[in-house]
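J.: Quick one, upload.pdb (PDB, C-alpha atoms):
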ATOM      1  CA  ASP A  94       0.000   0.000   0.000  1.00  0.00           C
ATOM      2  CA  ARG A  95       1.462   3.345  -1.082  1.00  0.00           C
ATOM      3  CA  ASN A  96       0.168   5.055   2.084  1.00  0.00           C
ATOM      4  CA  ALA A  97       1.299   2.566   4.744  1.00  0.00           C
ATOM      5  CA  LEU A  98       5.029   3.282   4.929  1.00  0.00           C
ATOM      6  CA  THR A  99       5.001   5.771   7.818  1.00  0.00           C
ATOM      7  CA  ALA A 100       2.640   3.759  10.018  1.00  0.00           C
ATOM      8  CA  ILE A 101       4.639   0.577   9.599  1.00  0.00           C
ATOM      9  CA  ALA A 102       7.997   2.305  10.087  1.00  0.00           C
ATOM     10  CA  LEU A 103       6.780   4.146  13.194  1.00  0.00           C
ATOM     11  CA  GLU A 104       5.451   0.897  14.655  1.00  0.00           C
ATOM     12  CA  ALA A 105       8.781  -0.840  14.054  1.00  0.00           C
ATOM     13  CA  LYS A 106      10.669   2.088  15.605  1.00  0.00           C
ATOM     14  CA  GLU A 107       8.403   1.985  18.658  1.00  0.00           C
ATOM     15  CA  ASN A 108       8.652  -1.795  19.041  1.00  0.00           C
ATOM     16  CA  LEU A 109      12.445  -1.595  18.889  1.00  0.00           C
ATOM     17  CA  ALA A 110      12.487   1.404  21.281  1.00  0.00           C
ATOM     18  CA  ILE A 111      14.915   3.339  19.085  1.00  0.00           C
ATOM     19  CA  GLU A 112      15.136   7.035  18.183  1.00  0.00           C
ATOM     20  CA  THR A 113      16.004   6.589  14.517  1.00  0.00           C
ATOM     21  CA  CYS A 114      16.052   3.818  11.974  1.00  0.00           C
ATOM     22  CA  THR A 115      16.550   3.089   8.295  1.00  0.00           C
ATOM     23  CA  VAL A 116      13.879   1.354   6.227  1.00  0.00           C
ATOM     24  CA  LEU A 117      14.223  -0.286   2.830  1.00  0.00           C
ATOM     25  CA  VAL A 118      11.221   0.286   0.570  1.00  0.00           C
ATOM     26  CA  ASP A 119      10.389  -1.607  -2.616  1.00  0.00           C
ATOM     27  CA  LYS A 120       9.551   0.549  -5.643  1.00  0.00           C
ATOM     28  CA  GLY A 121       5.854   1.191  -5.941  1.00  0.00           C
ATOM     29  CA  TYR A 122       5.181   0.959  -2.203  1.00  0.00           C
ATOM     30  CA  HIS A 123       5.768   4.567  -1.250  1.00  0.00           C
ATOM     31  CA  ASN A 124       4.966   8.134  -2.189  1.00  0.00           C
ATOM     32  CA  GLY A 125       6.565  11.499  -1.510  1.00  0.00           C
ATOM     33  CA  ARG A 126       4.263  12.345   1.382  1.00  0.00           C
ATOM     34  CA  GLU A 127       5.102   9.082   3.163  1.00  0.00           C
ATOM     35  CA  ILE A 128       8.842   9.587   2.700  1.00  0.00           C
ATOM     36  CA  THR A 129       8.523  13.141   4.082  1.00  0.00           C
ATOM     37  CA  HIS A 130       6.611  11.852   7.136  1.00  0.00           C
ATOM     38  CA  CYS A 131       9.338   9.283   7.725  1.00  0.00           C
ATOM     39  CA  LYS A 132      12.044  11.947   7.469  1.00  0.00           C
ATOM     40  CA  ASP A 133      10.123  14.129   9.950  1.00  0.00           C
ATOM     41  CA  ASN A 134      10.115  11.170  12.380  1.00  0.00           C
ATOM     42  CA  ASN A 135      13.870  10.406  12.121  1.00  0.00           C
ATOM     43  CA  ILE A 136      13.323   7.492   9.775  1.00  0.00           C
ATOM     44  CA  VAL A 137      15.731   7.248   6.848  1.00  0.00           C
ATOM     45  CA  THR A 138      14.241   5.651   3.740  1.00  0.00           C
ATOM     46  CA  ILE A 139      16.152   3.769   1.068  1.00  0.00           C
ATOM     47  CA  VAL A 140      13.917   3.538  -1.986  1.00  0.00           C
ATOM     48  CA  ALA A 141      14.306   1.897  -5.381  1.00  0.00           C
ATOM     49  CA  HIS A 142      13.209   4.323  -8.087  1.00  0.00           C
ATOM     50  CA  PRO A 143      10.847   2.983 -10.747  1.00  0.00           C
ATOM     51  CA  ASP A 144      12.439   3.001 -14.205  1.00  0.00           C
ATOM     52  CA  PRO A 145      10.103   5.002 -16.503  1.00  0.00           C
ATOM     53  CA  ARG A 146      12.037   3.843 -19.578  1.00  0.00           C
ATOM     54  CA  LYS A 147      10.814   0.290 -19.148  1.00  0.00           C
ATOM     55  CA  SER A 148       7.443  -0.582 -20.534  1.00  0.00           C
ATOM     56  CA  ASN A 149       5.142  -3.538 -20.411  1.00  0.00           C
ATOM     57  CA  GLU A 150       1.673  -4.265 -21.656  1.00  0.00           C
ATOM     58  CA  ASN A 151       0.139  -2.640 -18.549  1.00  0.00           C
ATOM     59  CA  GLY A 152       2.751   0.022 -17.908  1.00  0.00           C
ATOM     60  CA  ILE A 153       4.169   3.226 -19.282  1.00  0.00           C
ATOM     61  CA  GLN A 154       4.968   3.313 -22.971  1.00  0.00           C
ATOM     62  CA  PRO A 155       8.127   5.366 -23.649  1.00  0.00           C
ATOM     63  CA  ALA A 156       6.508   7.203 -26.565  1.00  0.00           C
ATOM     64  CA  TYR A 157       3.870   8.565 -24.174  1.00  0.00           C
ATOM     65  CA  LEU A 158       5.969   9.971 -21.344  1.00  0.00           C
ATOM     66  CA  VAL A 159       4.816  13.430 -20.232  1.00  0.00           C
ATOM     67  CA  ALA A 160       7.869  15.056 -21.833  1.00  0.00           C
ATOM     68  CA  LYS A 161       6.657  13.884 -25.260  1.00  0.00           C
ATOM     69  CA  PHE A 162       3.463  15.982 -25.060  1.00  0.00           C
ATOM     70  CA  LYS A 163       3.594  19.586 -26.309  1.00  0.00           C
ATOM     71  CA  TYR A 164       1.545  22.308 -24.643  1.00  0.00           C
ATOM     72  CA  ASP A 165      -0.163  24.904 -26.855  1.00  0.00           C
ATOM     73  CA  LYS A 166      -0.644  27.984 -24.686  1.00  0.00           C
ATOM     74  CA  GLN A 167      -2.916  29.779 -27.176  1.00  0.00           C
ATOM     75  CA  THR A 168      -5.505  26.998 -27.235  1.00  0.00           C
ATOM     76  CA  ASP A 169      -4.773  25.632 -23.730  1.00  0.00           C
ATOM     77  CA  THR A 170      -4.420  22.130 -25.175  1.00  0.00           C
ATOM     78  CA  TYR A 171      -1.770  19.445 -25.449  1.00  0.00           C
ATOM     79  CA  ILE A 172      -0.585  17.715 -28.597  1.00  0.00           C
ATOM     80  CA  CYS A 173       0.156  14.033 -28.078  1.00  0.00           C
ATOM     81  CA  PRO A 174       3.041  12.191 -29.805  1.00  0.00           C
ATOM     82  CA  GLN A 175       0.545  10.958 -32.437  1.00  0.00           C
ATOM     83  CA  GLY A 176      -0.368  14.588 -33.286  1.00  0.00           C
ATOM     84  CA  ALA A 177      -3.851  14.518 -31.741  1.00  0.00           C
ATOM     85  CA  THR A 178      -5.083  17.569 -29.812  1.00  0.00           C
ATOM     86  CA  LEU A 179      -6.054  16.835 -26.229  1.00  0.00           C
ATOM     87  CA  LYS A 180      -8.563  19.125 -24.526  1.00  0.00           C
ATOM     88  CA  THR A 181      -9.311  19.232 -20.829  1.00  0.00           C
ATOM     89  CA  THR A 182     -12.661  18.328 -19.364  1.00  0.00           C
ATOM     90  CA  GLY A 183     -11.807  20.515 -16.385  1.00  0.00           C
ATOM     91  CA  ARG A 184     -11.681  17.481 -14.063  1.00  0.00           C
ATOM     92  CA  TRP A 185      -8.658  15.732 -12.536  1.00  0.00           C
ATOM     93  CA  HIS A 186      -8.519  11.942 -12.684  1.00  0.00           C
TER      94      HIS A 186
END
Would you mind giving the structure from this file in structure tokens?
T.:
Amino acid sequence: DRNALTAIALEAKENLAIETCTVLVDKGYHNGREITHCKDNNIVTIVAHPDPRKSNENGIQPAYLVAKFKYDKQTDTYICPQGATLKTTGRWH
């Protein structure tokens, strides 16, 4: 669970009765907020970074990384790598 890191690390720290500790986190099981909470509680995190260059049938396709999309300020739209214009619905997903 991406939101469980701090709770688990704090519980381990409490059970061990220590002031600081280091935790090893598998990629995909953390987020920035959780790492910040750990840091604020004297917990050092060692995290594997996901590799955005790798792709699989259910993952990120390199041709569609955010950097490949071009923003058109005049029309407030994005142009995808295929050349299609993407308009916002005004809602975040």
J.: Determine the residue set returned by the PyMOL selection byres ((chain A and resi 175) around 10) for the present structure, and present it as a PyMOL selection string.
T.: chain A and resi 156-157+161-162+172-174+176-178
J.: Have a look at atom CA of A:Thr182 and atom CA of A:Gly121 and let me know their distance in Å, one decimal.
T.: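 These two atoms are separated by 28.6 Å.
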J.: Between atom CA of A:Ile136 and atom CA of A:Leu109, what is the spacing in Å?
T.: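 According to the coordinates, atom CA of A:Leu109 and atom CA of A:Ile136 are separated by 12.9 Å.
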J.: What is the distance, in Å and to one decimal place, between atom CA of A:Thr115 and atom CA of A:Thr129?
T.: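 One can read the atom CA of A:Thr115 to atom CA of A:Thr129 distance as 13.5 Å.
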J.: Around (16.0, 10.6, 13.7), as given in the file, which residues come within 8 Å? Count only C-alpha atoms and list them as a ChimeraX atom specification.
T.: /A:112-114,132-137
